[in-house]
Amino acid sequence: MIYVLFPAFNEEESIGAALAALGSAMRGHAESYCAVLVDDGSTDRTVAVAEKAAAELGGALELRVLKHGVNQGLGAGLKTGIRWCLEHARDEDVLVSLDADNTHPPALIPGMVQLLRSGGYDLVIASRYQRGAVIHGVPGYRRLLSDGGRFLFQALFYIPGVRDYTCCFRAYRIPVLRRADYVYRDDWLTARGFEAVMDLLLRLRQLGIHAAEVPIELQYEQRVGRSKMRVLHTIRRTLALLGARFVERFGRYSRRNVQARLSQAQAAGARA
Ligand SMILES: Nc1nc2c(ncn2[C@@H]2O[C@H](COP(=O)(O)OP(=O)(O)O)[C@@H](O)[C@H]2O)c(=O)[nH]1
Ligand SMILES: [Mg+2]
């Protein structure tokens, strides 16, 4: 099963097209897909539109809707969705996350999943920084921000195979998320806002992950309405988190400590 997680806040104008595109992407692939929509206190018709779009696919796509009563932020939405998937998924399943605003083409998903499995990766990212990536309609200041972020993250938190630390469009193997859950317990998926996307990767980094990227075609011009990212707020929160994660690397969540916890988990698993 491929779980496709859409964190959404007021996406009534886009979620229908995003689900329809997922329906087209899955066609001809034997594996089943389950769209997991985390509706984060939307005040518009996001859920109704999603349900209609799924119904129009004639049962080909299972849709699960998880709801927050009040808006809590993108990170909180990802947390709800990831936790739900970890409860329901089997180890051979895959979790894909992507924007609900129809700017991330679901057509990439089958290829990402195939690479994840055939290459033995824990994570495959749809990246703006791989040869062949095409970016439509992203404003200059947002590009500058991503480019600056990329250099900062790569310098401070190098992960082999990773260039794009802030794109939400990723395919994860379930066991790597379970390992993170075991190591960090309640101390992960804690970031509330957009900085959570980067934080997820920094936390997985300490586990020693194998990651790869595929080029994305980012259809930003297809976004209806404005981006929900508050730029200055996100920069501030991201920098604060970077500092915290940098310090942790030399203490509580050093590679050594993390590996020790993972060995404990393996030993406990072997005994069970
Ligand atoms: N759960 C949740 N999702 C959000 C929130 N704000 C934005 N999103 C979703 O996060 C994704 C990225 O937001 P978007 O506005 O597209 O940001 P951009 O792509 O960085 O410009 C979209 O799927 C949004 O619906 C929020 O407050 N809560
Ligand atoms: Mg977006």
# chains A, B, ... in the order shown; residues from 1 in each chain; ligands from 1
$ residues_around --residues "range 153-159 of chain A" --least-positions-apart "3" --cutoff "9 Å" --atoms "only C-alpha atoms" --output "list in words"
Gly148, Gly149, Arg150, Val162, Arg163, Asp164, Tyr165, Met198, Leu202, Arg205, Gly208, Ile209, His210, Ala211, Leu242 and Phe246 of chain A
$ select_by_dssp --residues "range 18-118 of chain A" --states "strand (DSSP E)" --output "PyMOL selection string"
chain A and resi 33-40+62-68+94-97
$ residues_near_ligand --ligand "ligand 1" --cutoff "9 Å" --atoms "only C-alpha atoms and all ligand atoms" --output "count of residues only"
48
$ atom_distance --atom1 "CA of Ala54 in chain A" --atom2 "CA of Arg173 in chain A"
24.8 Å
$ closest_residue --among "A:Leu189, A:Tyr184, A:Ile82, A:Ser263" --to "Glu248 in chain A" --atoms "only C-alpha atoms"
A:Tyr184
$ residues_around --residues "Leu177 in chain A" --least-positions-apart "3" --cutoff "12 Å" --atoms "only C-alpha atoms" --output "number ranges by chain"
A: 79, 82-87, 89-91, 93-96, 122-123, 171-174, 180-185, 188-189, 200-201, 203-205, 207, 209
$ write_last_selection --atoms "N, CA and C atoms" --output "compact mmCIF listing (two decimals), in the first residue's frame"
# COMPACT_ATOMS: atom_id res chain seq x y z
N LYS A 79 2.44 15.55 11.57
CA LYS A 79 2.52 14.63 12.73
C LYS A 79 1.28 13.73 12.81
N ILE A 82 1.49 11.22 9.86
CA ILE A 82 2.55 10.21 9.98
C ILE A 82 2.19 9.22 11.09
N ARG A 83 1.70 9.74 12.20
CA ARG A 83 1.33 8.84 13.32
C ARG A 83 0.22 7.88 12.89
N TRP A 84 -0.75 8.38 12.16
CA TRP A 84 -1.84 7.52 11.70
C TRP A 84 -1.28 6.43 10.78
N CYS A 85 -0.41 6.82 9.87
CA CYS A 85 0.15 5.84 8.92
C CYS A 85 0.98 4.79 9.67
N LEU A 86 1.75 5.23 10.66
CA LEU A 86 2.56 4.26 11.40
C LEU A 86 1.68 3.25 12.14
N GLU A 87 0.51 3.69 12.55
CA GLU A 87 -0.40 2.76 13.22
C GLU A 87 -0.99 1.75 12.23
N ALA A 89 0.16 1.12 8.78
CA ALA A 89 0.95 0.58 7.67
C ALA A 89 1.71 -0.68 8.06
N ARG A 90 2.03 -1.47 7.05
CA ARG A 90 2.94 -2.59 7.25
C ARG A 90 4.33 -2.12 6.81
N ASP A 91 5.35 -2.88 7.23
CA ASP A 91 6.71 -2.42 6.97
C ASP A 91 7.03 -2.27 5.48
N ASP A 93 5.05 -1.16 3.24
CA ASP A 93 4.32 -0.03 2.66
C ASP A 93 5.22 1.21 2.57
N VAL A 94 4.71 2.22 1.88
CA VAL A 94 5.48 3.45 1.69
C VAL A 94 4.58 4.63 2.04
N LEU A 95 5.19 5.63 2.65
CA LEU A 95 4.46 6.88 2.94
C LEU A 95 5.02 7.99 2.05
N VAL A 96 4.13 8.60 1.29
CA VAL A 96 4.54 9.73 0.45
C VAL A 96 3.84 10.97 1.00
N ASP A 122 15.97 4.70 2.22
CA ASP A 122 14.98 4.97 3.27
C ASP A 122 14.06 6.11 2.85
N LEU A 123 14.57 6.94 1.95
CA LEU A 123 13.89 8.18 1.64
C LEU A 123 14.22 8.60 0.21
N ALA A 171 9.13 10.42 -0.43
CA ALA A 171 8.65 9.06 -0.17
C ALA A 171 9.51 8.44 0.92
N TYR A 172 8.86 7.95 1.97
CA TYR A 172 9.58 7.37 3.10
C TYR A 172 9.24 5.89 3.20
N ARG A 173 10.25 5.12 3.55
CA ARG A 173 9.99 3.74 3.93
C ARG A 173 9.45 3.72 5.36
N ILE A 174 8.49 2.89 5.62
CA ILE A 174 7.88 2.86 6.95
C ILE A 174 8.90 2.53 8.07
N ALA A 180 12.78 6.20 13.86
CA ALA A 180 12.80 7.56 14.43
C ALA A 180 11.85 7.63 15.62
N ASP A 181 10.72 7.00 15.49
CA ASP A 181 9.74 6.99 16.56
C ASP A 181 10.32 6.33 17.81
N TYR A 182 11.07 5.28 17.58
CA TYR A 182 11.65 4.56 18.71
C TYR A 182 12.72 5.41 19.39
N VAL A 183 13.54 6.06 18.59
CA VAL A 183 14.65 6.83 19.16
C VAL A 183 14.15 8.09 19.86
N TYR A 184 13.24 8.82 19.22
CA TYR A 184 12.88 10.15 19.74
C TYR A 184 11.60 10.15 20.58
N ARG A 185 10.81 9.07 20.46
CA ARG A 185 9.54 9.02 21.21
C ARG A 185 8.73 10.30 21.03
N TRP A 188 9.90 13.96 18.82
CA TRP A 188 10.03 14.28 17.39
C TRP A 188 8.67 14.65 16.84
N LEU A 189 8.64 15.19 15.63
CA LEU A 189 7.40 15.73 15.07
C LEU A 189 6.84 16.80 16.00
N LEU A 200 12.12 17.22 10.09
CA LEU A 200 11.96 15.77 9.88
C LEU A 200 13.25 15.16 9.33
N LEU A 201 13.81 15.86 8.36
CA LEU A 201 15.02 15.36 7.71
C LEU A 201 16.21 15.39 8.67
N ARG A 203 16.17 15.10 11.83
CA ARG A 203 16.02 14.02 12.81
C ARG A 203 16.34 12.66 12.18
N LEU A 204 15.91 12.45 10.95
CA LEU A 204 16.22 11.18 10.28
C LEU A 204 17.72 11.06 10.03
N ARG A 205 18.36 12.19 9.78
CA ARG A 205 19.80 12.19 9.51
C ARG A 205 20.58 11.47 10.59
N LEU A 207 19.87 9.01 12.21
CA LEU A 207 19.72 7.55 12.15
C LEU A 207 20.67 6.94 11.12
N ILE A 209 20.59 7.63 7.51
CA ILE A 209 19.70 7.17 6.43
C ILE A 209 20.40 7.12 5.06
$ closest_residue --among "A:Val224, A:Ala107, A:Val4, A:Ala48" --to "Gly28 in chain A" --atoms "only C-alpha atoms"
A:Ala107
$ select_by_dssp --residues "range 56-247 of chain A" --states "alpha helix (DSSP H)" --output "MDAnalysis selection string"
chainID A and resid 56 74:88 109:118 140:156 174:184 195:205 231:247
$ closest_residue --among "A:Pro160, A:Gly132, A:Pro175, A:Pro105" --to "ligand 2" --atoms "only C-alpha atoms and all ligand atoms"
A:Pro105
$ closest_residue --among "A:Gly137, A:Gly81, A:Gly269, A:Gly69" --to "ligand 2" --atoms "only C-alpha atoms and all ligand atoms"
A:Gly137
$ residues_around --residues "Met112 in chain A" --least-positions-apart "6" --cutoff "8 Å" --atoms "only C-alpha atoms" --output "PyMOL selection string"
chain A and resi 124-126+171+214
$ residues_around --residues "Ala60 in chain A" --least-positions-apart "2" --cutoff "12 Å" --atoms "only C-alpha atoms" --output "list in words"
Leu19, Ala20, Leu22, Gly23, Ser24, Ala25, Met26, Arg27, Gly28, His29, Ala30, Glu31, Ser32, Tyr33, Cys34, Ala35, Ala53, Ala54, Ala55, Glu56, Leu57, Gly58, Glu62 and Leu63 of chain A
